[in-house]
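Shown next: input-v1.tsv, given as TSV, N, CA, C and O atoms.
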chain	number	residue	atom	x	y	z
A	1	MET	N	143.31	189.10	59.96
A	1	MET	CA	144.04	188.51	58.86
A	1	MET	C	144.33	187.04	59.10
A	1	MET	O	144.33	186.26	58.17
A	2	LEU	N	144.59	186.68	60.33
A	2	LEU	CA	144.90	185.30	60.65
A	2	LEU	C	143.69	184.41	60.37
A	2	LEU	O	143.83	183.32	59.81
A	3	LYS	N	142.49	184.88	60.72
A	3	LYS	CA	141.28	184.09	60.48
A	3	LYS	C	141.08	183.86	58.99
A	3	LYS	O	140.73	182.75	58.57
A	4	ARG	N	141.29	184.88	58.19
A	4	ARG	CA	141.12	184.74	56.74
A	4	ARG	C	142.13	183.74	56.18
A	4	ARG	O	141.81	182.95	55.29
A	5	GLY	N	143.33	183.80	56.66
A	5	GLY	CA	144.36	182.86	56.20
A	5	GLY	C	144.01	181.43	56.55
A	5	GLY	O	144.18	180.52	55.74
A	6	ILE	N	143.51	181.22	57.75
A	6	ILE	CA	143.12	179.89	58.17
A	6	ILE	C	141.94	179.39	57.33
A	6	ILE	O	141.92	178.26	56.85
A	7	VAL	N	140.95	180.25	57.14
A	7	VAL	CA	139.78	179.88	56.35
A	7	VAL	C	140.19	179.58	54.91
A	7	VAL	O	139.71	178.61	54.30
A	8	ARG	N	141.07	180.36	54.34
A	8	ARG	CA	141.53	180.14	52.98
A	8	ARG	C	142.24	178.78	52.86
A	8	ARG	O	142.02	178.04	51.91
A	9	GLU	N	143.08	178.47	53.84
A	9	GLU	CA	143.80	177.20	53.83
A	9	GLU	C	142.84	176.01	53.99
A	9	GLU	O	142.97	175.00	53.29
A	10	VAL	N	141.88	176.12	54.88
A	10	VAL	CA	140.89	175.06	55.08
A	10	VAL	C	140.07	174.88	53.81
A	10	VAL	O	139.82	173.75	53.37
A	11	PHE	N	139.63	175.96	53.19
A	11	PHE	CA	138.86	175.87	51.96
A	11	PHE	C	139.67	175.20	50.86
A	11	PHE	O	139.16	174.35	50.13
A	12	ARG	N	140.94	175.54	50.75
A	12	ARG	CA	141.80	174.94	49.74
A	12	ARG	C	141.92	173.43	49.96
A	12	ARG	O	141.83	172.63	49.03
A	13	LEU	N	142.09	173.02	51.21
A	13	LEU	CA	142.22	171.61	51.52
A	13	LEU	C	140.93	170.84	51.29
A	13	LEU	O	140.94	169.66	50.91
A	14	LEU	N	139.79	171.48	51.52
A	14	LEU	CA	138.51	170.82	51.33
A	14	LEU	C	138.11	170.70	49.86
A	14	LEU	O	137.30	169.85	49.51
A	15	THR	N	138.66	171.52	49.02
A	15	THR	CA	138.24	171.54	47.62
A	15	THR	C	139.22	170.89	46.66
A	15	THR	O	138.97	170.87	45.46
A	16	ILE	N	140.33	170.35	47.15
A	16	ILE	CA	141.27	169.69	46.24
A	16	ILE	C	140.73	168.33	45.84
A	16	ILE	O	139.96	167.70	46.56
A	17	THR	N	141.12	167.88	44.68
A	17	THR	CA	140.70	166.58	44.17
A	17	THR	C	141.67	165.52	44.65
A	17	THR	O	142.88	165.65	44.50
A	18	VAL	N	141.12	164.46	45.21
A	18	VAL	CA	141.94	163.37	45.75
A	18	VAL	C	141.65	162.12	44.92
A	18	VAL	O	140.49	161.78	44.67
A	19	GLU	N	142.70	161.45	44.49
A	19	GLU	CA	142.54	160.23	43.71
A	19	GLU	C	142.25	159.06	44.65
A	19	GLU	O	142.98	158.81	45.60
A	20	VAL	N	141.15	158.37	44.37
A	20	VAL	CA	140.74	157.23	45.19
A	20	VAL	C	140.90	155.96	44.36
A	20	VAL	O	140.44	155.91	43.22
A	21	PRO	N	141.55	154.93	44.91
A	21	PRO	CA	141.73	153.70	44.13
A	21	PRO	C	140.39	153.01	43.87
A	21	PRO	O	139.49	153.03	44.69
A	22	ASP	N	140.29	152.40	42.70
A	22	ASP	CA	139.08	151.68	42.32
A	22	ASP	C	139.04	150.34	43.06
A	22	ASP	O	139.99	149.56	43.00
A	23	ILE	N	137.94	150.09	43.75
A	23	ILE	CA	137.81	148.86	44.53
A	23	ILE	C	136.84	147.87	43.92
A	23	ILE	O	136.60	146.81	44.47
A	24	SER	N	136.30	148.19	42.76
A	24	SER	CA	135.24	147.37	42.18
A	24	SER	C	135.73	145.97	41.78
A	24	SER	O	134.94	145.04	41.76
A	25	GLY	N	136.99	145.79	41.49
A	25	GLY	CA	137.46	144.50	41.01
A	25	GLY	C	138.11	143.62	42.07
A	25	GLY	O	138.61	142.54	41.75
A	26	LEU	N	138.07	144.04	43.32
A	26	LEU	CA	138.77	143.27	44.35
A	26	LEU	C	138.10	141.94	44.64
A	26	LEU	O	138.74	140.89	44.64
A	27	ARG	N	136.80	141.94	44.91
A	27	ARG	CA	136.11	140.69	45.25
A	27	ARG	C	136.08	139.73	44.06
A	27	ARG	O	136.35	138.55	44.23
A	28	PRO	N	135.76	140.19	42.82
A	28	PRO	CA	135.81	139.25	41.69
A	28	PRO	C	137.20	138.66	41.46
A	28	PRO	O	137.32	137.49	41.10
A	29	ALA	N	138.25	139.44	41.69
A	29	ALA	CA	139.61	138.92	41.52
A	29	ALA	C	139.91	137.86	42.58
A	29	ALA	O	140.55	136.85	42.28
A	30	LEU	N	139.43	138.07	43.78
A	30	LEU	CA	139.61	137.09	44.85
A	30	LEU	C	138.90	135.78	44.49
A	30	LEU	O	139.47	134.70	44.63
A	31	GLN	N	137.69	135.90	44.00
A	31	GLN	CA	136.91	134.71	43.65
A	31	GLN	C	137.47	134.02	42.41
A	31	GLN	O	137.47	132.79	42.33
A	32	ALA	N	137.97	134.77	41.45
A	32	ALA	CA	138.50	134.18	40.22
A	32	ALA	C	139.76	133.37	40.49
A	32	ALA	O	140.02	132.39	39.79
A	33	ARG	N	140.51	133.76	41.50
A	33	ARG	CA	141.75	133.03	41.82
A	33	ARG	C	141.53	131.96	42.88
A	33	ARG	O	142.48	131.36	43.35
A	34	HIS	N	140.28	131.76	43.28
A	34	HIS	CA	139.91	130.73	44.25
A	34	HIS	C	140.68	130.88	45.56
A	34	HIS	O	141.16	129.91	46.14
A	35	ILE	N	140.80	132.13	45.99
A	35	ILE	CA	141.44	132.44	47.27
A	35	ILE	C	140.33	132.62	48.30
A	35	ILE	O	139.37	133.33	48.06
A	36	THR	N	140.48	131.98	49.44
A	36	THR	CA	139.46	132.10	50.47
A	36	THR	C	139.53	133.46	51.15
A	36	THR	O	140.58	134.12	51.15
A	37	LEU	N	138.41	133.85	51.73
A	37	LEU	CA	138.37	135.13	52.42
A	37	LEU	C	139.16	135.07	53.73
A	37	LEU	O	139.40	136.08	54.35
A	38	ALA	N	139.59	133.90	54.14
A	38	ALA	CA	140.41	133.77	55.35
A	38	ALA	C	141.90	133.92	55.04
A	38	ALA	O	142.68	134.33	55.89
A	39	ARG	N	142.29	133.61	53.81
A	39	ARG	CA	143.72	133.66	53.45
A	39	ARG	C	144.21	135.09	53.28
A	39	ARG	O	145.33	135.42	53.69
A	40	ALA	N	143.39	135.95	52.68
A	40	ALA	CA	143.81	137.33	52.44
A	40	ALA	C	144.06	138.09	53.74
A	40	ALA	O	145.11	138.73	53.88
A	41	PRO	N	143.17	138.03	54.73
A	41	PRO	CA	143.46	138.74	55.98
A	41	PRO	C	144.69	138.19	56.70
A	41	PRO	O	145.43	138.96	57.33
A	42	ARG	N	144.92	136.90	56.60
A	42	ARG	CA	146.10	136.32	57.22
A	42	ARG	C	147.37	136.89	56.60
A	42	ARG	O	148.35	137.17	57.30
A	43	HIS	N	147.35	137.08	55.29
A	43	HIS	CA	148.52	137.63	54.60
A	43	HIS	C	148.81	139.06	55.05
A	43	HIS	O	149.97	139.44	55.23
A	44	PHE	N	147.75	139.86	55.21
A	44	PHE	CA	147.92	141.27	55.58
A	44	PHE	C	147.84	141.52	57.08
A	44	PHE	O	147.94	142.66	57.52
A	45	GLN	N	147.61	140.46	57.85
A	45	GLN	CA	147.52	140.54	59.31
A	45	GLN	C	146.46	141.54	59.75
A	45	GLN	O	146.70	142.43	60.57
A	46	VAL	N	145.26	141.39	59.17
A	46	VAL	CA	144.10	142.20	59.56
A	46	VAL	C	142.93	141.25	59.79
A	46	VAL	O	142.98	140.08	59.44
A	47	TRP	N	141.87	141.77	60.35
A	47	TRP	CA	140.66	140.97	60.57
A	47	TRP	C	139.97	140.71	59.24
A	47	TRP	O	140.02	141.55	58.33
A	48	PRO	N	139.28	139.58	59.08
A	48	PRO	CA	138.54	139.31	57.85
A	48	PRO	C	137.50	140.38	57.54
A	48	PRO	O	137.26	140.71	56.38
A	49	ALA	N	136.90	140.95	58.56
A	49	ALA	CA	135.91	142.01	58.35
A	49	ALA	C	136.54	143.23	57.68
A	49	ALA	O	135.88	143.93	56.89
A	50	THR	N	137.81	143.49	57.95
A	50	THR	CA	138.49	144.63	57.34
A	50	THR	C	138.58	144.45	55.83
A	50	THR	O	138.30	145.38	55.07
A	51	ILE	N	138.93	143.25	55.38
A	51	ILE	CA	139.02	142.97	53.95
A	51	ILE	C	137.64	143.04	53.32
A	51	ILE	O	137.45	143.63	52.25
A	52	SER	N	136.65	142.46	53.97
A	52	SER	CA	135.29	142.47	53.45
A	52	SER	C	134.75	143.89	53.33
A	52	SER	O	134.17	144.27	52.31
A	53	GLN	N	134.95	144.69	54.36
A	53	GLN	CA	134.48	146.08	54.32
A	53	GLN	C	135.22	146.88	53.26
A	53	GLN	O	134.64	147.76	52.62
A	54	LEU	N	136.47	146.59	53.05
A	54	LEU	CA	137.25	147.25	52.00
A	54	LEU	C	136.68	146.91	50.62
A	54	LEU	O	136.52	147.79	49.77
A	55	GLU	N	136.36	145.63	50.41
A	55	GLU	CA	135.83	145.20	49.11
A	55	GLU	C	134.47	145.81	48.80
A	55	GLU	O	134.17	146.08	47.64
A	56	PHE	N	133.66	146.00	49.81
A	56	PHE	CA	132.32	146.55	49.59
A	56	PHE	C	132.26	148.07	49.73
A	56	PHE	O	131.20	148.66	49.60
A	57	GLY	N	133.40	148.71	49.98
A	57	GLY	CA	133.45	150.16	50.03
A	57	GLY	C	132.97	150.75	51.34
A	57	GLY	O	132.70	151.94	51.41
A	58	ARG	N	132.87	149.97	52.38
A	58	ARG	CA	132.43	150.48	53.68
A	58	ARG	C	133.60	151.02	54.50
A	58	ARG	O	133.39	151.69	55.50
A	59	ARG	N	134.81	150.69	54.10
A	59	ARG	CA	136.00	151.15	54.81
A	59	ARG	C	136.98	151.68	53.77
A	59	ARG	O	137.18	151.07	52.74
A	60	CYS	N	137.60	152.79	54.08
A	60	CYS	CA	138.56	153.39	53.14
A	60	CYS	C	139.97	153.25	53.71
A	60	CYS	O	140.26	153.77	54.78
A	61	ASN	N	140.79	152.51	53.00
A	61	ASN	CA	142.20	152.38	53.36
A	61	ASN	C	142.95	152.21	52.04
A	61	ASN	O	143.06	151.11	51.51
A	62	ASP	N	143.43	153.32	51.51
A	62	ASP	CA	144.05	153.31	50.19
A	62	ASP	C	145.29	152.43	50.13
A	62	ASP	O	145.50	151.71	49.15
A	63	ASP	N	146.10	152.46	51.16
A	63	ASP	CA	147.32	151.64	51.15
A	63	ASP	C	146.98	150.15	51.13
A	63	ASP	O	147.56	149.38	50.37
A	64	LEU	N	146.02	149.76	51.96
A	64	LEU	CA	145.61	148.36	51.99
A	64	LEU	C	144.98	147.96	50.66
A	64	LEU	O	145.24	146.87	50.14
A	65	ALA	N	144.16	148.83	50.08
A	65	ALA	CA	143.52	148.52	48.80
A	65	ALA	C	144.56	148.33	47.70
A	65	ALA	O	144.46	147.38	46.91
A	66	ASN	N	145.55	149.19	47.65
A	66	ASN	CA	146.60	149.06	46.62
A	66	ASN	C	147.43	147.79	46.83
A	66	ASN	O	147.72	147.07	45.88
A	67	ASN	N	147.81	147.53	48.08
A	67	ASN	CA	148.59	146.33	48.37
A	67	ASN	C	147.77	145.07	48.12
A	67	ASN	O	148.30	144.07	47.63
A	68	TYR	N	146.50	145.11	48.45
A	68	TYR	CA	145.60	143.98	48.24
A	68	TYR	C	145.47	143.68	46.75
A	68	TYR	O	145.53	142.54	46.32
A	69	ARG	N	145.32	144.72	45.93
A	69	ARG	CA	145.21	144.55	44.49
A	69	ARG	C	146.49	143.94	43.92
A	69	ARG	O	146.45	143.01	43.11
A	70	LYS	N	147.65	144.44	44.34
A	70	LYS	CA	148.93	143.91	43.87
A	70	LYS	C	149.07	142.44	44.27
A	70	LYS	O	149.54	141.61	43.47
A	71	TRP	N	148.67	142.12	45.50
A	71	TRP	CA	148.77	140.74	45.98
A	71	TRP	C	147.85	139.82	45.18
A	71	TRP	O	148.23	138.71	44.83
A	72	LEU	N	146.64	140.30	44.86
A	72	LEU	CA	145.72	139.49	44.06
A	72	LEU	C	146.24	139.23	42.66
A	72	LEU	O	146.04	138.16	42.10
A	73	LEU	N	146.92	140.22	42.09
A	73	LEU	CA	147.46	140.05	40.74
A	73	LEU	C	148.64	139.08	40.71
A	73	LEU	O	148.87	138.42	39.70
A	74	THR	N	149.38	138.99	41.81
A	74	THR	CA	150.54	138.11	41.83
A	74	THR	C	150.24	136.74	42.44
A	74	THR	O	151.05	135.84	42.30
A	75	ALA	N	149.11	136.60	43.11
A	75	ALA	CA	148.78	135.33	43.76
A	75	ALA	C	148.37	134.28	42.74
A	75	ALA	O	147.91	134.51	41.69
Encoding of this model in structure tokens:
Amino acid sequence: MLKRGIVREVFRLLTITVEVPDISGLRPALQARHITLARAPRHFQVWPATISQLEFGRRCNDDLANNYRKWLLTA
């Protein structure tokens, strides 16, 4: 019974729908506001590659993506 319970819980966790933030507008927003790719990482205290990988979808960090989007809208 324990194995079935574990399998049921794992299956439930694997099949739930997770909302992923849209990252398609991050790089155009950065360019439209004439913000350099060096200024954004300095603001968030991360490496420039982290921001670049986030913009191109190679790295998933929902909190950073949401904060980055808010910062771009207010900058």
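Compared by their closest atoms to Asn66 in chain A, and using only C-alpha atoms, the residues A:Leu13, A:Leu2, A:Val7, A:Leu26 rank with A:Leu26 nearest.
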**Request:** Quote the spacing between atom C of Ala49 in chain A and atom O of Leu73 in chain A in Å to one decimal place.
**Result:** 22.3 Å
**Item:** Length of the atom N of Leu64 in chain A to CA of Pro21 in chain A vector [Å]
**Value:**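 CA of Pro21 in chain A lies 9.8 Å from atom N of Leu64 in chain A.
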**Fill in**
A straight line from atom O of His34 in chain A to CA of Arg58 in chain A spans 23.6 Å
**Message:** Let me make sure I understand: among A:Tyr68, A:Ser24, A:Ile35, A:Arg12, which one has the smallest atom-to-atom distance to Thr50 in chain A if we use only C-alpha atoms?
**Reply:**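 The closest residue to Thr50 in chain A is A:Tyr68.
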**A:Ala65, A:Ala38, A:Arg4, A:Glu9 ranked by distance to Asp22 in chain A, top pick (using only N, CA, C and O atoms)** =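 Among the listed residues, A:Ala65 lies closest to Asp22 in chain A.
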**Request:** Kindly indicate which residue among A:Asn61, A:Glu55, A:Ala29, A:Gly5 lies nearest to Ala75 in chain A, using only N, CA, C and O atoms for the distances.
**Result:**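 Selected residue with least distance to Ala75 in chain A: A:Ala29.
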**Request:** Just list the residues in chain A DSSP gives helix (DSSP H, G or I) on the backbone, as an MDAnalysis selection string.
**Result:** chainID A and resid 2:15 26:32 39:44 48:55 62:74
**Asked** Between A:Leu54, A:Ile6, A:Leu14, A:Ala32, which has the minimum distance to Asn67 in chain A (counting only C-alpha atoms)?
**Response**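 Of A:Leu54, A:Ile6, A:Leu14, A:Ala32, the one nearest Asn67 in chain A is A:Leu54, counting only C-alpha atoms.
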Could you add the missing atoms to range 48-59 of chain A, up to all heavy atoms, and return them as a compact mmCIF listing (two decimals), in the coordinates of the input?
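See part11.txt below for the written result:
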# COMPACT_ATOMS: atom_id res chain seq x y z
N PRO A 48 139.28 139.58 59.08
CA PRO A 48 138.54 139.31 57.85
C PRO A 48 137.50 140.38 57.54
O PRO A 48 137.26 140.71 56.38
CB PRO A 48 137.87 137.96 58.11
CG PRO A 48 138.74 137.30 59.12
CD PRO A 48 139.29 138.41 59.98
N ALA A 49 136.90 140.95 58.56
CA ALA A 49 135.91 142.01 58.35
C ALA A 49 136.54 143.23 57.68
O ALA A 49 135.88 143.93 56.89
CB ALA A 49 135.27 142.41 59.66
N THR A 50 137.81 143.49 57.95
CA THR A 50 138.49 144.63 57.34
C THR A 50 138.58 144.45 55.83
O THR A 50 138.30 145.38 55.07
CB THR A 50 139.91 144.78 57.93
OG1 THR A 50 139.80 144.92 59.34
CG2 THR A 50 140.62 145.97 57.35
N ILE A 51 138.93 143.25 55.38
CA ILE A 51 139.02 142.97 53.95
C ILE A 51 137.64 143.04 53.32
O ILE A 51 137.45 143.63 52.25
CB ILE A 51 139.66 141.59 53.69
CG1 ILE A 51 141.10 141.57 54.21
CG2 ILE A 51 139.59 141.21 52.22
CD1 ILE A 51 142.06 142.42 53.44
N SER A 52 136.65 142.46 53.97
CA SER A 52 135.29 142.47 53.45
C SER A 52 134.75 143.89 53.33
O SER A 52 134.17 144.27 52.31
CB SER A 52 134.38 141.64 54.35
OG SER A 52 133.08 141.63 53.85
N GLN A 53 134.95 144.69 54.36
CA GLN A 53 134.48 146.08 54.32
C GLN A 53 135.22 146.88 53.26
O GLN A 53 134.64 147.76 52.62
CB GLN A 53 134.66 146.73 55.69
CG GLN A 53 133.72 146.17 56.72
CD GLN A 53 134.05 146.65 58.12
OE1 GLN A 53 135.09 147.25 58.36
NE2 GLN A 53 133.15 146.37 59.06
N LEU A 54 136.47 146.59 53.05
CA LEU A 54 137.25 147.25 52.00
C LEU A 54 136.68 146.91 50.62
O LEU A 54 136.52 147.79 49.77
CB LEU A 54 138.72 146.83 52.09
CG LEU A 54 139.66 147.42 51.05
CD1 LEU A 54 139.86 148.90 51.32
CD2 LEU A 54 140.97 146.70 51.08
N GLU A 55 136.36 145.63 50.41
CA GLU A 55 135.83 145.20 49.11
C GLU A 55 134.47 145.81 48.80
O GLU A 55 134.17 146.08 47.64
CB GLU A 55 135.71 143.67 49.10
CG GLU A 55 137.03 142.96 49.10
CD GLU A 55 136.89 141.47 49.24
OE1 GLU A 55 135.82 140.98 49.67
OE2 GLU A 55 137.86 140.77 48.92
N PHE A 56 133.66 146.00 49.81
CA PHE A 56 132.32 146.55 49.59
C PHE A 56 132.26 148.07 49.73
O PHE A 56 131.20 148.66 49.60
CB PHE A 56 131.32 145.90 50.55
CG PHE A 56 131.04 144.46 50.21
CD1 PHE A 56 131.47 143.45 51.04
CD2 PHE A 56 130.37 144.13 49.05
CE1 PHE A 56 131.23 142.13 50.73
CE2 PHE A 56 130.12 142.82 48.73
CZ PHE A 56 130.56 141.81 49.56
N GLY A 57 133.40 148.71 49.98
CA GLY A 57 133.45 150.16 50.03
C GLY A 57 132.97 150.75 51.34
O GLY A 57 132.70 151.94 51.41
N ARG A 58 132.87 149.97 52.38
CA ARG A 58 132.43 150.48 53.68
C ARG A 58 133.60 151.02 54.50
O ARG A 58 133.39 151.69 55.50
CB ARG A 58 131.73 149.39 54.47
CG ARG A 58 130.45 148.95 53.82
CD ARG A 58 129.70 147.98 54.70
NE ARG A 58 128.73 147.28 53.88
CZ ARG A 58 128.67 145.97 53.77
NH1 ARG A 58 129.50 145.22 54.44
NH2 ARG A 58 127.78 145.42 52.99
N ARG A 59 134.81 150.69 54.10
CA ARG A 59 136.00 151.15 54.81
C ARG A 59 136.98 151.68 53.77
O ARG A 59 137.18 151.07 52.74
CB ARG A 59 136.62 150.00 55.59
CG ARG A 59 137.89 150.39 56.32
CD ARG A 59 138.41 149.24 57.11
NE ARG A 59 137.45 148.96 58.17
CZ ARG A 59 137.79 148.51 59.37
NH1 ARG A 59 139.03 148.25 59.63
NH2 ARG A 59 136.88 148.29 60.28
